[in-house]
Amino acid sequence: MNNSTIVSDSPAGVQGYEIILRYFPELTATQRSQFAALGALYADWNEKINVISRKDIDNIYTRHILHSLAIARFMTPVAATEFLDFGCGGGFPGIPLAIMWPDCSFHLIDRIGKKVRVAREIAQAVGLGNVTFQHGDAGECHRRFDYVVSRAVMRLEALAPLAKRNISSRCINPLHNGLICLKGGDLAEEVEAAGGETIEVPLSDYFSESFFETKKLIYKPL
């Protein structure tokens, strides 16, 4: 990794890198540098291409980066695990997870080209070599992965069948291959409509900040 590409000084108003260390104190020096860089990078890119709500950019570490890392509290994948981030937007949850799990690979796809561009540029800036990108619809991705991850993309009963097409038949992790998504609010109707086995985890089990009181992680083996 070329540390000269890392910009770790956050502009005024962008705070909160320390919250990542609070929950993940075991991070390596490289991971710390990468996470520290994200706030300034997203703030800079968001001025050019709006990928995060203007009111949320000051809370990027809690509401976007830490939120993405809820998946890292739920599971620990073995090396060489492959993830598809479906509807990655500006790179969530894929980029934070790629930093957290450098021995795994991530393919990020979104139908909005400017968002894919931001995610690609930020991944390059922090030196991520385990991430690839695709501008397009999920139906245009024909690869298979161990897990599909997503964050607030669509209702579960619509998302699960789409994700299943990209799930590999191999299984190298204790956690069965499937869909892991981050959603908010009352999900009872979605879970019932999706049918089959579903595990719902309140993110307040992982994080104490009030933002997470209504947020959930959904895991659906596929």
# chains A, B, ... in the order shown; residues from 1 in each chain; ligands from 1
call {"tool": "residues_around", "arguments": {"residues": "Thr81 (chain A)", "least_positions_apart": "6", "cutoff": "8 Å", "atoms": "only C-alpha atoms", "output": "compact mmCIF listing (two decimals) with C-alpha atoms, in the first residue's frame"}}
result
# COMPACT_ATOMS: atom_id res chain seq x y z
CA ASP A 103 -7.73 -11.73 2.74
CA CYS A 104 -11.24 -11.81 1.23
CA SER A 105 -12.38 -10.41 -2.12
CA PHE A 145 -19.98 -15.64 -4.52
CA ASP A 146 -20.09 -17.02 -1.00
CA ILE A 172 -16.00 -22.83 2.89
CA ASN A 173 -17.33 -20.98 5.96
call {"tool": "residues_around", "arguments": {"residues": "Val153 (chain A)", "least_positions_apart": "4", "cutoff": "8 Å", "atoms": "only C-alpha atoms", "output": "count of residues only"}}
result
3
call {"tool": "residues_around", "arguments": {"residues": "Ala29 (chain A)", "least_positions_apart": "4", "cutoff": "12 Å", "atoms": "only C-alpha atoms", "output": "list in words"}}
result
Met1, Asn3, Leu21, Pro25, Ser33, Gln34, Phe35, Ala36, Ile99 and Met100 of chain A
call {"tool": "atom_distance", "arguments": {"atom1": "CA of Leu27 (chain A)", "atom2": "CA of Ala72 (chain A)"}}
result
12.3 Å
call {"tool": "select_by_dssp", "arguments": {"residues": "region 26-174 of chain A", "states": "strand (DSSP E)", "output": "ChimeraX atom specification"}}
result
/A:82-86,105-110,131-135,147-151
call {"tool": "closest_residue", "arguments": {"among": "A:Tyr61, A:Phe212, A:Phe74, A:Tyr42", "to": "Gly91 (chain A)", "atoms": "only C-alpha atoms"}}
result
A:Tyr42
call {"tool": "residues_around", "arguments": {"residues": "His107 (chain A)", "least_positions_apart": "4", "cutoff": "7 Å", "atoms": "only C-alpha atoms", "output": "list in words"}}
result
Phe83, Leu84, Asp85, Val131, Thr132 and Phe133 of chain A
call {"tool": "write_last_selection", "arguments": {"atoms": "N, CA and C atoms", "output": "tab-separated table (two decimals), in the first residue's frame"}}
result
chain	number	residue	atom	x	y	z
A	83	PHE	N	-17.26	-11.98	-1.74
A	83	PHE	CA	-18.48	-11.22	-1.45
A	83	PHE	C	-18.90	-10.42	-2.67
A	84	LEU	N	-20.20	-10.33	-2.87
A	84	LEU	CA	-20.79	-9.41	-3.84
A	84	LEU	C	-21.56	-8.35	-3.07
A	85	ASP	N	-21.20	-7.09	-3.28
A	85	ASP	CA	-21.94	-5.97	-2.68
A	85	ASP	C	-22.93	-5.49	-3.73
A	131	VAL	N	-10.66	-5.45	-4.16
A	131	VAL	CA	-11.97	-4.94	-4.56
A	131	VAL	C	-12.02	-4.75	-6.07
A	132	THR	N	-13.10	-5.22	-6.68
A	132	THR	CA	-13.37	-4.94	-8.10
A	132	THR	C	-14.73	-4.27	-8.21
A	133	PHE	N	-14.98	-3.66	-9.37
A	133	PHE	CA	-16.18	-2.85	-9.53
A	133	PHE	C	-16.88	-3.16	-10.84
call {"tool": "closest_residue", "arguments": {"among": "A:Arg63, A:Arg73, A:Arg111, A:Arg22", "to": "Pro202 (chain A)", "atoms": "only C-alpha atoms"}}
result
A:Arg73
call {"tool": "select_by_dssp", "arguments": {"residues": "region 31-72 of chain A", "states": "alpha helix (DSSP H)", "output": "list in words"}}
result
Gln31, Arg32, Ser33, Gln34, Phe35, Ala36, Ala37, Leu38, Gly39, Ala40, Leu41, Tyr42, Ala43, Asp44, Trp45, Asn46, Glu47, Lys48, Ile60, His67, Ser68, Ala70, Ile71 and Ala72 of chain A
call {"tool": "closest_residue", "arguments": {"among": "A:Gln124, A:Asn46, A:Ser150, A:Thr214", "to": "Leu162 (chain A)", "atoms": "only C-alpha atoms"}}
result
A:Ser150
call {"tool": "residues_around", "arguments": {"residues": "Met75 (chain A)", "least_positions_apart": "4", "cutoff": "12 Å", "atoms": "only C-alpha atoms", "output": "list in words"}}
result
Leu69, Ala70, Ile71, Thr81, Leu97, Met100, Trp101, Tyr147, Asn173, Pro174, Leu175, His176, Asn177, Ile180, Val201, Leu217 and Tyr219 of chain A
call {"tool": "write_last_selection", "arguments": {"atoms": "N, CA and C atoms", "output": "mmCIF file, in the first residue's frame"}}
result
data_model
loop_
_atom_site.group_PDB
_atom_site.id
_atom_site.type_symbol
_atom_site.label_atom_id
_atom_site.label_comp_id
_atom_site.auth_asym_id
_atom_site.auth_seq_id
_atom_site.Cartn_x
_atom_site.Cartn_y
_atom_site.Cartn_z
ATOM 1 N N LEU A 69 -19.856 -2.078 9.172
ATOM 2 C CA LEU A 69 -19.053 -3.036 9.922
ATOM 3 C C LEU A 69 -19.870 -3.890 10.892
ATOM 4 N N ALA A 70 -21.175 -3.640 10.969
ATOM 5 C CA ALA A 70 -22.027 -4.546 11.749
ATOM 6 C C ALA A 70 -21.889 -5.973 11.225
ATOM 7 N N ILE A 71 -21.652 -6.099 9.916
ATOM 8 C CA ILE A 71 -21.490 -7.436 9.324
ATOM 9 C C ILE A 71 -20.249 -8.116 9.883
ATOM 10 N N THR A 81 -12.738 -15.953 1.064
ATOM 11 C CA THR A 81 -14.193 -15.811 0.925
ATOM 12 C C THR A 81 -14.485 -14.687 -0.067
ATOM 13 N N LEU A 97 -15.787 -3.291 4.697
ATOM 14 C CA LEU A 97 -15.553 -4.724 4.898
ATOM 15 C C LEU A 97 -14.277 -5.173 4.201
ATOM 16 N N MET A 100 -11.550 -4.326 6.479
ATOM 17 C CA MET A 100 -11.566 -5.209 7.641
ATOM 18 C C MET A 100 -11.044 -6.606 7.305
ATOM 19 N N TRP A 101 -11.347 -7.093 6.102
ATOM 20 C CA TRP A 101 -10.984 -8.470 5.718
ATOM 21 C C TRP A 101 -10.117 -8.454 4.453
ATOM 22 N N TYR A 147 -21.134 -14.938 -0.369
ATOM 23 C CA TYR A 147 -22.167 -14.112 0.270
ATOM 24 C C TYR A 147 -22.487 -12.906 -0.602
ATOM 25 N N ASN A 173 -17.185 -21.623 4.659
ATOM 26 C CA ASN A 173 -17.328 -20.980 5.963
ATOM 27 C C ASN A 173 -18.294 -21.757 6.853
ATOM 28 N N PRO A 174 -18.131 -21.659 8.164
ATOM 29 C CA PRO A 174 -19.124 -22.261 9.061
ATOM 30 C C PRO A 174 -20.528 -21.700 8.853
ATOM 31 N N LEU A 175 -20.608 -20.408 8.521
ATOM 32 C CA LEU A 175 -21.898 -19.782 8.230
ATOM 33 C C LEU A 175 -22.271 -20.097 6.791
ATOM 34 N N HIS A 176 -23.419 -20.723 6.597
ATOM 35 C CA HIS A 176 -23.839 -21.141 5.261
ATOM 36 C C HIS A 176 -23.898 -19.943 4.310
ATOM 37 N N ASN A 177 -23.545 -20.182 3.063
ATOM 38 C CA ASN A 177 -23.615 -19.128 2.051
ATOM 39 C C ASN A 177 -25.004 -18.491 2.021
ATOM 40 N N ILE A 180 -26.630 -11.317 3.385
ATOM 41 C CA ILE A 180 -26.510 -10.563 4.628
ATOM 42 C C ILE A 180 -26.796 -9.114 4.290
ATOM 43 N N VAL A 201 -31.016 -9.702 13.513
ATOM 44 C CA VAL A 201 -30.201 -9.287 14.657
ATOM 45 C C VAL A 201 -30.323 -7.782 14.841
ATOM 46 N N LEU A 217 -29.670 -6.317 11.233
ATOM 47 C CA LEU A 217 -28.948 -7.142 10.276
ATOM 48 C C LEU A 217 -29.819 -8.355 9.963
ATOM 49 N N TYR A 219 -29.855 -12.015 8.016
ATOM 50 C CA TYR A 219 -29.097 -13.075 7.353
ATOM 51 C C TYR A 219 -30.081 -14.129 6.854
#
call {"tool": "residues_around", "arguments": {"residues": "Phe211 (chain A)", "least_positions_apart": "2", "cutoff": "12 Å", "atoms": "only C-alpha atoms", "output": "number ranges by chain"}}
result
A: 56, 59-64, 66-67, 184-185, 202-204, 206-209, 213-216
call {"tool": "closest_residue", "arguments": {"among": "A:Gly195, A:Gly113, A:Gly139, A:Gly178", "to": "Cys88 (chain A)", "atoms": "only C-alpha atoms"}}
result
A:Gly113
call {"tool": "residues_around", "arguments": {"residues": "Leu156 (chain A)", "least_positions_apart": "3", "cutoff": "10 Å", "atoms": "only C-alpha atoms", "output": "list in words"}}
result
Ala152, Val153, Leu159, Ala160, Pro161, Leu162, Leu179, Cys181, Lys183, Leu187, Glu189, Glu190, Val191, Glu192, Ala193, Ala194, Gly195, Ile218 and Lys220 of chain A
call {"tool": "write_last_selection", "arguments": {"atoms": "N, CA and C atoms", "output": "compact mmCIF listing (two decimals), in the first residue's frame"}}
result
# COMPACT_ATOMS: atom_id res chain seq x y z
N ALA A 152 -29.75 -1.43 2.68
CA ALA A 152 -30.96 -0.65 2.35
C ALA A 152 -31.17 -0.53 0.85
N VAL A 153 -31.15 -1.67 0.15
CA VAL A 153 -31.29 -1.65 -1.31
C VAL A 153 -32.75 -1.83 -1.73
N LEU A 159 -35.14 -8.90 -2.92
CA LEU A 159 -33.68 -9.00 -2.90
C LEU A 159 -33.20 -10.45 -2.86
N ALA A 160 -33.84 -11.28 -2.03
CA ALA A 160 -33.35 -12.66 -1.84
C ALA A 160 -33.30 -13.46 -3.14
N PRO A 161 -34.34 -13.44 -4.00
CA PRO A 161 -34.25 -14.20 -5.25
C PRO A 161 -33.15 -13.69 -6.18
N LEU A 162 -32.92 -12.38 -6.18
CA LEU A 162 -31.84 -11.82 -7.00
C LEU A 162 -30.49 -12.29 -6.49
N LEU A 179 -27.37 -14.42 1.95
CA LEU A 179 -27.56 -12.98 1.89
C LEU A 179 -27.43 -12.39 3.28
N CYS A 181 -27.87 -8.57 4.84
CA CYS A 181 -28.22 -7.20 4.50
C CYS A 181 -28.51 -6.37 5.74
N LYS A 183 -30.74 -3.28 7.26
CA LYS A 183 -32.01 -2.61 7.03
C LYS A 183 -32.46 -1.94 8.32
N LEU A 187 -39.36 -5.05 10.26
CA LEU A 187 -39.15 -5.89 9.07
C LEU A 187 -40.02 -7.13 9.06
N GLU A 189 -43.06 -7.81 8.15
CA GLU A 189 -43.80 -8.07 6.92
C GLU A 189 -42.87 -8.56 5.81
N GLU A 190 -41.69 -7.92 5.70
CA GLU A 190 -40.73 -8.34 4.67
C GLU A 190 -40.24 -9.76 4.92
N VAL A 191 -39.91 -10.05 6.16
CA VAL A 191 -39.38 -11.37 6.50
C VAL A 191 -40.42 -12.44 6.20
N GLU A 192 -41.68 -12.17 6.54
CA GLU A 192 -42.74 -13.14 6.27
C GLU A 192 -42.93 -13.32 4.77
N ALA A 193 -42.90 -12.22 4.03
CA ALA A 193 -43.10 -12.29 2.58
C ALA A 193 -41.97 -13.05 1.89
N ALA A 194 -40.76 -12.93 2.43
CA ALA A 194 -39.61 -13.61 1.83
C ALA A 194 -39.65 -15.11 2.06
N GLY A 195 -40.25 -15.54 3.16
CA GLY A 195 -40.36 -16.96 3.47
C GLY A 195 -39.02 -17.58 3.79
N ILE A 218 -29.98 -8.65 8.70
CA ILE A 218 -30.77 -9.79 8.25
C ILE A 218 -29.83 -10.79 7.56
N LYS A 220 -29.93 -14.46 5.58
CA LYS A 220 -30.81 -15.43 4.97
C LYS A 220 -29.96 -16.44 4.21
